[in-house]
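Undergrad: The following file, input.cif, comprises mmCIF, C-alpha atoms:
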data_target
loop_
_atom_site.label_atom_id
_atom_site.label_comp_id
_atom_site.auth_asym_id
_atom_site.auth_seq_id
_atom_site.Cartn_x
_atom_site.Cartn_y
_atom_site.Cartn_z
CA PRO A 1 89.61 101.48 101.14
CA PHE A 2 92.78 99.38 101.15
CA SER A 3 93.38 95.97 99.64
CA ALA A 4 94.93 93.81 102.31
CA ARG A 5 96.33 91.48 99.68
CA SER A 6 98.08 94.34 97.89
CA LEU A 7 99.87 95.09 101.17
CA SER A 8 100.83 91.47 101.82
CA THR A 9 104.27 91.62 100.20
CA PRO A 10 105.59 94.71 102.03
CA ILE A 11 104.12 93.48 105.33
CA LEU A 12 105.72 90.06 104.86
CA SER A 13 109.05 91.76 104.12
CA ILE A 14 108.79 93.75 107.36
CA LEU A 15 108.03 90.64 109.37
CA ARG A 16 110.98 88.79 107.87
CA ALA A 17 113.27 91.78 108.39
CA MET A 18 112.40 91.52 112.07
CA GLY A 19 113.93 88.05 112.06
CA LEU A 20 110.77 85.97 112.11
CA ARG A 21 110.99 82.56 110.51
CA PRO A 22 109.06 82.29 107.20
CA GLY A 23 106.36 80.06 108.67
CA VAL A 24 105.82 82.37 111.65
CA ALA A 25 105.82 85.46 109.43
CA ALA A 26 103.22 83.85 107.14
CA ALA A 27 101.04 82.93 110.11
CA VAL A 28 101.16 86.47 111.52
CA LEU A 29 100.36 87.91 108.08
CA ALA A 30 97.39 85.56 107.70
CA TRP A 31 96.05 86.69 111.08
CA LEU A 32 96.51 90.35 110.22
CA VAL A 33 94.71 90.04 106.92
CA GLY A 34 92.01 87.82 108.41
CA ALA A 35 91.36 90.27 111.23
CA VAL A 36 90.14 93.05 108.99
CA ALA A 37 86.54 93.94 108.18
CA VAL A 38 85.30 91.81 105.30
CA GLU A 39 83.69 93.89 102.56
CA GLU A 40 82.53 90.99 100.42
CA ASP A 41 81.93 87.31 101.05
CA LEU A 42 84.36 84.99 99.28
CA VAL A 43 83.88 81.43 98.14
CA ASN A 44 86.18 78.56 97.12
CA ILE A 45 85.12 76.89 93.87
CA TYR A 46 86.98 74.37 91.74
CA PHE A 47 86.57 73.77 88.01
CA GLY A 48 87.74 70.84 85.89
CA ALA A 49 87.79 70.45 82.12
CA GLY A 50 90.66 68.24 81.07
CA CYS A 51 94.32 68.96 81.79
CA PHE A 52 94.62 71.51 84.59
CA TRP A 53 97.58 73.40 83.07
CA HIS A 54 95.39 75.13 80.47
CA VAL A 55 92.52 75.60 82.92
CA GLN A 56 94.77 77.35 85.46
CA HIS A 57 96.05 79.77 82.83
CA GLU A 58 92.50 80.74 81.85
CA PHE A 59 91.43 81.37 85.44
CA ILE A 60 94.55 83.37 86.24
CA LYS A 61 93.60 85.61 83.31
CA ALA A 62 90.06 85.82 84.68
CA GLU A 63 91.34 86.96 88.09
CA GLN A 64 93.47 89.61 86.40
CA ASN A 65 90.65 90.80 84.16
CA PHE A 66 87.65 90.68 86.50
CA LEU A 67 89.23 91.23 89.92
CA LYS A 68 92.38 93.17 88.94
CA ARG A 69 94.49 90.80 91.02
CA GLU A 70 98.23 90.43 90.49
CA GLY A 71 101.14 88.53 92.02
CA GLU A 72 100.40 86.79 95.31
CA GLU A 73 96.82 88.09 95.16
CA LEU A 74 96.09 85.42 92.52
CA THR A 75 94.37 82.28 93.83
CA ALA A 76 93.92 79.89 90.87
CA ILE A 77 95.81 76.75 91.90
CA THR A 78 95.88 73.29 90.30
CA GLY A 79 94.83 70.21 92.23
CA TYR A 80 92.79 67.04 92.44
CA ALA A 81 89.21 66.45 93.58
CA GLY A 82 86.12 64.30 93.16
CA GLY A 83 87.54 61.04 94.45
CA SER A 84 86.38 59.03 97.46
CA LYS A 85 89.83 57.94 98.59
CA LEU A 86 93.19 59.37 99.69
CA ASN A 87 96.59 57.73 99.86
CA SER A 88 98.35 56.52 103.01
CA LYS A 89 99.56 60.07 103.71
CA GLY A 90 96.03 61.43 103.57
CA MET A 91 96.46 63.21 100.26
CA ALA A 92 96.27 62.78 96.49
CA CYS A 93 99.39 63.03 94.35
CA TYR A 94 100.09 62.98 90.63
CA ASN A 95 101.29 59.38 90.74
CA ASP A 96 98.12 58.07 92.42
CA TYR A 97 95.20 60.52 92.00
CA THR A 98 93.70 58.53 89.11
CA GLY A 99 93.52 55.35 91.16
CA LEU A 100 92.02 57.29 94.04
CA GLY A 101 89.13 58.44 91.84
CA HIS A 102 90.06 62.12 91.48
CA THR A 103 90.08 64.40 88.46
CA GLU A 104 92.29 67.38 87.63
CA VAL A 105 90.79 70.70 88.74
CA VAL A 106 91.68 74.32 89.44
CA GLU A 107 90.43 76.06 92.58
CA VAL A 108 89.82 79.80 92.84
CA VAL A 109 88.84 82.00 95.78
CA ILE A 110 86.50 84.68 94.46
CA PRO A 111 83.77 87.11 95.56
CA ARG A 112 80.30 85.66 95.22
CA SER A 113 79.43 88.61 93.02
CA ALA A 114 82.00 87.37 90.47
CA VAL A 115 80.77 83.77 90.29
CA SER A 116 78.81 84.31 87.06
CA ASP A 117 81.87 85.81 85.33
CA PHE A 118 84.07 82.90 86.34
CA ALA A 119 81.37 80.41 85.38
CA ALA A 120 81.32 81.93 81.89
CA VAL A 121 85.09 81.34 81.66
CA PHE A 122 84.50 77.71 82.63
CA TRP A 123 81.85 77.12 79.97
CA LYS A 124 84.04 78.70 77.31
CA LEU A 125 86.65 76.00 77.97
CA PHE A 126 84.51 73.51 76.08
CA VAL A 127 84.53 72.94 72.33
CA GLY A 128 81.11 71.58 71.51
CA LYS A 129 80.38 69.05 74.22
CA ASP A 130 84.02 68.19 74.87
CA ARG A 131 87.08 69.55 76.63
CA VAL A 132 89.68 70.99 74.32
CA ASP A 133 92.26 68.25 75.04
CA THR A 134 90.25 65.29 73.78
CA MET A 135 93.44 63.23 73.59
CA ASP A 136 93.41 63.09 77.39
CA ARG A 137 91.00 60.30 78.15
CA GLY A 138 89.62 58.72 81.26
CA PRO A 139 87.95 59.82 84.50
CA ALA A 140 91.08 61.75 85.57
CA TYR A 141 90.06 64.42 83.03
CA ARG A 142 86.28 64.44 83.48
CA ALA A 143 84.42 67.76 83.60
CA ALA A 144 83.86 68.80 87.20
CA LEU A 145 82.57 71.62 89.33
CA GLY A 146 83.02 71.86 93.10
CA LEU A 147 81.20 74.33 95.32
CA PRO A 148 79.95 74.44 98.91
CA GLY A 149 76.70 72.50 98.98
CA GLY A 150 77.08 71.08 95.47
CA ILE A 151 73.84 71.17 93.49
CA SER A 152 72.06 72.48 96.60
CA SER A 153 74.23 75.60 96.67
CA PRO A 154 72.54 78.92 95.86
CA LEU A 155 75.48 79.46 93.48
CA PHE A 156 74.52 76.43 91.41
CA ALA A 157 71.76 78.28 89.54
CA LEU A 158 74.14 81.14 88.69
CA ILE A 159 76.73 78.79 87.26
CA LYS A 160 74.14 76.83 85.29
CA ALA A 161 72.64 80.04 83.88
CA ALA A 162 76.08 81.20 82.73
CA GLN A 163 75.93 78.55 79.99
CA GLU A 164 73.77 80.88 77.93
CA GLY A 165 75.77 82.30 75.05
CA ASN A 166 78.91 80.40 76.09
CA VAL A 167 78.22 76.81 75.03
CA ALA A 168 77.16 75.16 71.79
CA GLN A 169 74.47 73.13 73.56
CA PRO A 170 73.13 72.91 77.13
CA PHE A 171 75.17 70.83 79.58
CA THR A 172 73.58 68.49 82.08
CA MET A 173 74.89 69.14 85.59
CA THR A 174 74.63 66.04 87.77
CA ALA A 175 75.59 65.48 91.40
CA GLY A 176 78.82 63.51 91.56
CA ALA A 177 79.03 60.48 93.82
CA GLY A 178 82.81 60.29 93.76
CA ASP A 179 85.03 58.21 91.44
CA ASP A 180 82.73 59.18 88.57
CA PRO A 181 83.36 58.18 84.93
CA ASP A 182 84.72 60.32 82.13
CA THR A 183 82.45 62.88 80.49
CA LEU A 184 84.13 62.81 77.08
CA GLY A 185 81.55 62.76 74.29
CA GLN A 186 78.78 63.92 76.63
CA ALA A 187 77.54 67.41 77.48
CA LEU A 188 77.87 66.57 81.16
CA VAL A 189 79.54 68.09 84.22
CA TRP A 190 79.81 66.30 87.56
CA VAL A 191 78.98 68.66 90.43
CA TYR A 192 80.62 68.03 93.82
CA ASP A 193 79.90 69.32 97.30
CA THR A 194 83.29 70.59 98.43
CA THR A 195 82.57 69.49 102.01
CA ALA A 196 82.34 65.85 100.91
CA PHE A 197 84.82 66.14 98.04
CA PRO A 198 87.41 68.77 98.99
CA PHE A 199 90.18 70.20 96.86
CA HIS A 200 93.69 68.72 97.22
CA GLN A 201 96.46 71.01 95.97
CA ALA A 202 98.70 69.56 93.26
CA GLU A 203 102.46 69.50 93.48
CA LEU A 204 104.40 72.74 92.99
CA TYR A 205 105.69 71.44 89.66
CA HIS A 206 102.14 71.54 88.31
CA GLN A 207 101.56 75.19 89.21
CA PHE A 208 101.78 77.75 86.36
CA HIS A 209 103.00 75.09 83.95
CA ASP A 210 103.19 75.47 80.17
CA ASP A 211 100.46 73.62 78.30
CA PHE A 212 101.04 71.19 75.44
CA LEU A 213 98.22 72.58 73.28
CA PRO A 214 98.79 75.22 70.56
CA GLY A 215 99.43 78.55 72.27
CA GLY A 216 100.39 76.80 75.49
CA ASP A 217 103.98 78.03 75.49
CA TYR A 218 103.08 80.74 77.97
CA PRO A 219 105.26 83.84 78.47
CA ASN A 220 107.73 84.24 81.31
CA SER A 221 105.38 86.77 82.87
CA TYR A 222 103.13 83.79 83.64
CA ASN A 223 105.23 80.72 84.37
CA VAL A 224 108.23 82.54 85.84
CA ASP A 225 107.16 85.93 87.22
CA ILE A 226 103.66 85.16 88.54
CA ARG A 227 104.79 81.71 89.60
CA GLN A 228 107.59 83.12 91.69
CA GLN A 229 105.38 85.76 93.25
CA VAL A 230 102.65 83.30 94.28
CA LEU A 231 104.98 80.59 95.52
CA ALA A 232 107.36 83.01 97.24
CA ALA A 233 104.52 84.26 99.42
CA CYS A 234 104.16 80.70 100.80
CA LEU A 235 100.48 81.41 101.43
CA ARG A 236 98.20 80.10 98.67
CA ALA A 237 100.38 77.18 97.51
CA LYS A 238 102.93 75.21 99.50
CA ALA A 239 104.82 71.94 99.27
CA THR A 240 102.29 69.13 99.34
CA GLY A 241 104.24 66.26 100.86
CA CYS A 242 103.98 64.30 97.61
CA MET A 243 107.13 62.58 96.36
CA SER A 244 108.05 65.15 93.69
CA ASP A 245 107.78 67.95 96.28
CA GLU A 246 110.52 66.59 98.55
CA GLY A 247 112.97 69.31 99.50
CA ALA A 248 110.75 72.06 98.10
CA PRO A 249 110.32 75.59 99.44
CA CYS A 250 107.31 76.96 101.27
CA THR A 251 107.68 74.79 104.33
CA PRO A 252 107.72 76.24 107.86
CA ASP A 253 111.50 76.75 107.88
CA ASN A 254 112.31 77.00 104.20
CA ASP A 255 110.93 79.56 101.79
CA PHE A 256 111.14 79.91 98.04
CA ARG A 257 113.19 83.09 98.08
CA SER A 258 116.08 81.26 99.72
CA LEU A 259 116.49 79.13 96.58
CA GLY A 260 117.00 82.12 94.33
CA GLY A 261 113.53 81.56 92.89
CA SER A 262 113.82 80.86 89.19
CA GLY A 263 112.58 78.20 86.82
CA MET A 264 110.56 75.02 87.16
CA GLY A 265 113.36 72.90 88.56
CA ALA A 266 113.59 74.83 91.80
CA MET A 267 109.94 74.05 92.45
CA ASP A 268 110.04 70.24 92.34
CA GLY A 269 109.73 69.18 95.93
CA GLY A 270 108.23 69.57 99.40
CA VAL A 271 107.98 68.32 102.93
CA THR A 272 104.76 69.63 104.40
CA THR A 273 101.26 68.40 103.57
CA THR A 274 99.35 71.59 102.84
CA THR A 275 95.85 72.16 101.56
CA VAL A 276 94.87 75.78 102.00
CA LYS A 277 91.65 75.88 104.03
CA ALA A 278 88.77 78.00 102.84
CA SER A 279 89.04 80.29 105.85
CA ASN A 280 92.73 81.04 105.28
CA ALA A 281 92.34 81.50 101.55
CA ALA A 282 89.39 83.81 102.10
CA SER A 283 91.36 85.83 104.62
CA LEU A 284 94.20 86.26 102.18
CA ALA A 285 91.85 87.43 99.44
CA THR A 286 89.86 89.86 101.56
CA ARG A 287 89.63 93.52 100.62
CA THR A 288 89.75 95.74 103.65
CA SER A 289 89.22 99.20 105.07
CA PHE A 290 90.76 99.76 108.48
CA PRO A 291 93.84 101.44 110.02
CA PHE A 292 96.32 98.70 109.10
CA ALA A 293 99.47 100.30 110.52
CA SER A 294 98.57 100.11 114.21
CA CYS A 295 97.56 96.47 113.94
CA ILE A 296 100.74 95.59 112.06
CA LEU A 297 102.95 97.30 114.61
CA SER A 298 101.35 95.67 117.62
CA TRP A 299 101.37 92.19 116.17
CA CYS A 300 104.90 92.49 114.82
CA LEU A 301 106.07 93.31 118.34
CA ILE A 302 104.11 90.44 119.84
CA ALA A 303 105.39 87.99 117.21
CA LYS A 304 108.97 89.15 117.67
CA TRP A 305 108.71 88.75 121.43
CA ALA A 306 107.01 85.36 121.24
CA PHE A 307 109.19 83.76 118.59
#
Could you write out this structure as structure tokens?

TA:
Amino acid sequence: PFSARSLSTPILSILRAMGLRPGVAAAVLAWLVGAVAVEEDLVNIYFGAGCFWHVQHEFIKAEQNFLKREGEELTAITGYAGGSKLNSKGMACYNDYTGLGHTEVVEVVIPRSAVSDFAAVFWKLFVGKDRVDTMDRGPAYRAALGLPGGISSPLFALIKAAQEGNVAQPFTMTAGAGDDPDTLGQALVWVYDTTAFPFHQAELYHQFHDDFLPGGDYPNSYNVDIRQQVLAACLRAKATGCMSDEGAPCTPDNDFRSLGGSGMGAMDGGVTTTTVKASNAASLATRTSFPFASCILSWCLIAKWAF
């Protein structure tokens, strides 16, 4: 069997070499990958336990270790969730997410068979009953879990059971109502139904960022190499439309590679409001087994003719 995601980079290069605009090439690639036979059901889940910089790093490692993903195959992206309000642009941004009732989270797109492994990573983020960055206080850092169906999800029991051997004491998992209070000092996690409380991607600046905790000066392989690979694909993370994303890459007519792709500074900006939908993210993460070449050729020709 082939991994469609492992073929994404060369396919995207072919589409661009044919003269397709980045946004069109990305759309064709998403269709190609989404059209294949799905071998395993995927699910979008978000986790929150304090500052999302550290949390993202831990889940990127989990994807590498458990799923053997690399580069643009990685899906752990920082964002905001759990609030009942959005700003006037219909989004949440770093300068207003607290007032809108959201908390910092990291979303992953993973096979359902891997949920217990990723849940164990989540529970290991806690020290006693608290997040590791206890200096970050307030509801913007509350412990959170988001999954389809919330506490009614069949995955809820798996995640709850993964506490065993990974926490110092049992955590209470309570359905969140939105705009919920901080969990600091309590063995408590708010659980959100992602239909009612969806994930809102954070600005590009907050993706693959160094952490301020000891050991948080991550290597270039993380916050330069992986960062470039994920953002250059313009698939999993794009410019949000928030103020600090103005002029950023990964918009329909402007892609990261055109900026030379290095360092944090090149990432501060954006024009397009983009929250990757579950269907698209699942398509991009799908492992496949079908004759890819004939589909690629036919759709490249159609895309070239149409655009």

Undergrad: Smallest atom-to-atom distance to Cys93 in chain A: which of A:Val127, A:Val230, A:Ala81, A:Ala157, using only C-alpha atoms?

TA: A:Ala81

Undergrad: Report as a short mmCIF file (atom, residue, chain, number, x, y, z; two decimals) with C-alpha atoms, keeping the file's coordinate frame the residues that result from applying the PyMOL selection byres ((chain A and resi 161) around 12) to the structure here.

TA:
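selection27.cif, written as the output of this step:
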data_model
loop_
_atom_site.label_atom_id
_atom_site.label_comp_id
_atom_site.auth_asym_id
_atom_site.auth_seq_id
_atom_site.Cartn_x
_atom_site.Cartn_y
_atom_site.Cartn_z
CA VAL A 115 80.77 83.77 90.29
CA SER A 116 78.81 84.31 87.06
CA ASP A 117 81.87 85.81 85.33
CA ALA A 119 81.37 80.41 85.38
CA ALA A 120 81.32 81.93 81.89
CA TRP A 123 81.85 77.12 79.97
CA LEU A 155 75.48 79.46 93.48
CA PHE A 156 74.52 76.43 91.41
CA ALA A 157 71.76 78.28 89.54
CA LEU A 158 74.14 81.14 88.69
CA ILE A 159 76.73 78.79 87.26
CA LYS A 160 74.14 76.83 85.29
CA ALA A 162 76.08 81.20 82.73
CA GLN A 163 75.93 78.55 79.99
CA GLU A 164 73.77 80.88 77.93
CA GLY A 165 75.77 82.30 75.05
CA ASN A 166 78.91 80.40 76.09
CA VAL A 167 78.22 76.81 75.03
CA PRO A 170 73.13 72.91 77.13
CA PHE A 171 75.17 70.83 79.58
CA THR A 172 73.58 68.49 82.08
CA MET A 173 74.89 69.14 85.59
#

Undergrad: For CA of Asp225 in chain A and CA of Ala62 in chain A, quote the distance in Å rounded to one decimal.

TA: 17.3 Å

Undergrad: Have a look at CA of Gly185 in chain A and CA of Pro198 in chain A and let me know their distance in Å, one decimal.

TA: 26.1 Å

Undergrad: What is the CA of Pro219 in chain A-CA of His54 in chain A distance in Å, reported with one decimal?

TA: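 Interatomic distance, CA of Pro219 in chain A to CA of His54 in chain A: 13.3 Å.
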
Undergrad: List the residues matched by the PyMOL selection byres ((chain A and resi 85) around 9) in the displayed structure as a PyMOL selection string, ordered by chain and then by residue number.

TA: chain A and resi 83-84+86-87+90-92+97+99-102+178-179

Undergrad: Translate the PyMOL selection byres ((chain A and resi 188-192) around 7) into a concrete residue list for this structure, as a list in words.

TA: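 On this input, the PyMOL selection byres ((chain A and resi 188-192) around 7) captures Gly82, Ala143, Ala144, Leu145, Gly146, Leu147, Gly150, Ile151, Phe171, Thr172, Met173, Thr174, Ala175, Gly176, Thr183, Gln186, Ala187, Asp193, Thr194 and Phe197 of chain A.
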
Undergrad: Is there a way to get, as a PyMOL selection string, all residues within 9 Å of the point (85.0, 88.9, 90.5) in file coordinates, counting all atoms listed in the file?

TA: chain A and resi 62-63+65-68+110-118

Undergrad: Between A:Ala196, A:Ala27, A:Ala140, A:Leu204, which has the minimum distance to Pro181 in chain A (counting only C-alpha atoms)?

TA: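 Nearest to Pro181 in chain A: A:Ala140.
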
Undergrad: Of the candidates A:Val109, A:Pro154, A:Met135, A:Met18, which one gets nearest to Glu73 in chain A if we count all atoms listed in the file?

TA: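 Once distances to Glu73 in chain A are computed over all atoms listed in the file, the minimum belongs to A:Val109.
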
Undergrad: For Ile226 in chain A, which of A:Ser88, A:Thr240, A:Thr134, A:Gln207 is the closest residue, counting only C-alpha atoms?

TA: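 Going through A:Ser88, A:Thr240, A:Thr134, A:Gln207 one by one, the smallest distance to Ile226 in chain A is for A:Gln207.
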